[in-house]
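Colleague: Below is the structure I would like to discuss, written out as structure tokens.
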Amino acid sequence: MSYARNLIITVRDSDKWPYFDRPDFLEELDEIANEALSKKTVEGYLASLLIFHQLSEECVRLLLKDAQFFIQLSVFPTEMYFPEKKNLMFGQLIEELKSTISFEKKNEFIEKCMSLNKDRIDIVHRLTKRNSLTDLEDQLLKVEKLYDELYVLFEDIHDWFRVCFKDFKKDSFIDYSIDEFE
């Protein structure tokens, strides 16, 4: 299928727009992270930290896909490809997001991601230097709050992109015929 035909088909079907691959599973992981945190054990704290970090990474990945799709729609009919970078670490993903298009709340979202990542690194690398679990719990509650704030920002940004995609669909791509791009 041609690039143009594929892009037109994608923009016209909101089910084909960027999305989480396994949203139900990610929601289940979020619940597990909160349950693990409430156990107030080292295992629970570390499990919740790992899950919050991975869920944040998924949010960054999806916003990158949103930005890339937005760019493709903006420059159409010019073809724009984005190679999939599968093995990027969280910090590298944040750098990718920093270097893409501007959007509302982008800097605030990135700052929260960087703060969460900094806390994760600090918790993991100082784990054996602690004298008690009290400060670990305090730090994990901070991470949970950061994750919750980050996720609210993510939802706002992702919704903004979806409104933009809808506008492209009804304003820019309404007159294109799929048949003309066979």
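Chain labels follow the order of the structure tokens: the first chain is A, the next B, and so on; residue numbering restarts at 1 in every chain, and ligands are counted from 1 in their shown order.
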Give me, as a PyMOL selection string, the residues of chain A that a backbone DSSP run labels helix (DSSP H, G or I).

Modeller: chain A and resi 3-12+14-16+23-38+42-75+90-98+106-125+127-129+134-172+178-181

Colleague: Sorted by chain and rising residue number, which residues of range 60-149 of chain A lie within 8 Å of range 13-30 of chain A, and what are their closest atom pairs and distances in Å to one decimal, counting only C-alpha atoms, as JSON lines?

Modeller:
```
{"residue": "A:Leu62", "atom": "CA", "partner": "A:Tyr19", "partner_atom": "CA", "distance": 6.5}
{"residue": "A:Lys65", "atom": "CA", "partner": "A:Pro18", "partner_atom": "CA", "distance": 6.0}
{"residue": "A:Asp66", "atom": "CA", "partner": "A:Pro18", "partner_atom": "CA", "distance": 5.9}
{"residue": "A:Phe69", "atom": "CA", "partner": "A:Pro18", "partner_atom": "CA", "distance": 7.6}
```

Colleague: Keeping only N, CA, C and O atoms, write those residues as a CSV table (one decimal), in the first residue's frame.

Modeller:
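Produced file selection13.csv, reproduced below:
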```csv
chain,number,residue,atom,x,y,z
A,62,LEU,N,4.2,6.8,23.6
A,62,LEU,CA,2.9,7.2,22.9
A,62,LEU,C,2.9,8.6,22.5
A,62,LEU,O,2.5,8.9,21.4
A,65,LYS,N,4.9,8.9,19.4
A,65,LYS,CA,4.1,8.4,18.2
A,65,LYS,C,3.1,9.5,17.8
A,65,LYS,O,2.9,9.7,16.6
A,66,ASP,N,2.4,10.1,18.8
A,66,ASP,CA,1.5,11.2,18.5
A,66,ASP,C,2.2,12.3,17.7
A,66,ASP,O,1.7,12.8,16.7
A,69,PHE,N,3.0,11.3,14.1
A,69,PHE,CA,1.8,11.2,13.3
A,69,PHE,C,1.4,12.7,12.9
A,69,PHE,O,1.0,13.0,11.8
```

Colleague: Which one is closest to Ile8 in chain A: A:Val42, A:Met80, A:Ile157, A:Leu73? Count only C-alpha atoms.

Modeller: A:Leu73

Colleague: Do a neighbour search on Pro77 in chain A at 10 Å with only C-alpha atoms, toss out local chain neighbours closer than 4 positions, and write the hits as a PDB file with N, CA, C and O atoms, in the first residue's frame.

Modeller:
```
ATOM      1  N   TYR A   3       2.326   5.033   0.674  1.00  0.00           N
ATOM      2  CA  TYR A   3       2.437   5.874   1.867  1.00  0.00           C
ATOM      3  C   TYR A   3       1.194   6.763   2.007  1.00  0.00           C
ATOM      4  O   TYR A   3       0.568   6.817   3.064  1.00  0.00           O
ATOM      5  N   ALA A   4       0.837   7.462   0.920  1.00  0.00           N
ATOM      6  CA  ALA A   4      -0.291   8.390   0.952  1.00  0.00           C
ATOM      7  C   ALA A   4      -1.599   7.677   1.278  1.00  0.00           C
ATOM      8  O   ALA A   4      -2.376   8.137   2.122  1.00  0.00           O
ATOM      9  N   LEU A   7      -1.657   6.662   4.937  1.00  0.00           N
ATOM     10  CA  LEU A   7      -1.849   7.797   5.836  1.00  0.00           C
ATOM     11  C   LEU A   7      -3.305   8.274   5.812  1.00  0.00           C
ATOM     12  O   LEU A   7      -3.886   8.571   6.863  1.00  0.00           O
ATOM     13  N   GLN A  72       3.610  13.913  10.236  1.00  0.00           N
ATOM     14  CA  GLN A  72       3.260  13.297   8.950  1.00  0.00           C
ATOM     15  C   GLN A  72       2.019  13.943   8.349  1.00  0.00           C
ATOM     16  O   GLN A  72       1.968  14.197   7.144  1.00  0.00           O
ATOM     17  N   LEU A  73       1.027  14.203   9.171  1.00  0.00           N
ATOM     18  CA  LEU A  73      -0.196  14.845   8.679  1.00  0.00           C
ATOM     19  C   LEU A  73       0.080  16.279   8.241  1.00  0.00           C
ATOM     20  O   LEU A  73      -0.478  16.754   7.249  1.00  0.00           O
TER      21      LEU A  73
END
```

Colleague: For range 43-56 of chain A, work out the shell of residues within 8 Å, counting only C-alpha atoms and skipping chain neighbours fewer than 6 positions away, then give it as a list of chain:residue names.

Modeller: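 Residues meeting the cut-off are A:Leu26, A:Leu29, A:Asp30, A:Ile32, A:Ala33, A:Asn34, A:Glu35, A:Ala36, A:Leu37, A:Cys113, A:Leu116, A:Asn117, A:Arg120, A:Leu136, A:Glu137, A:Leu140, A:Val143, A:Glu144, A:Tyr147, A:Leu150, A:Tyr151.
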
Colleague: Between CA of Ile101 in chain A and CA of Asp171 in chain A, what is the distance, to one decimal in Å?

Modeller: 20.8 Å

Colleague: Out of A:Phe109, A:Asp148, A:Val75, A:Gly91, which residue has the shortest atom-to-atom distance to Ile121 in chain A when counting only C-alpha atoms?

Modeller: A:Gly91

Colleague: Closest to Leu88 in chain A among A:Arg61, A:Arg12, A:Lys106, A:His125, using only C-alpha atoms?

Modeller: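 The answer is A:Arg61, which sits nearest to Leu88 in chain A.
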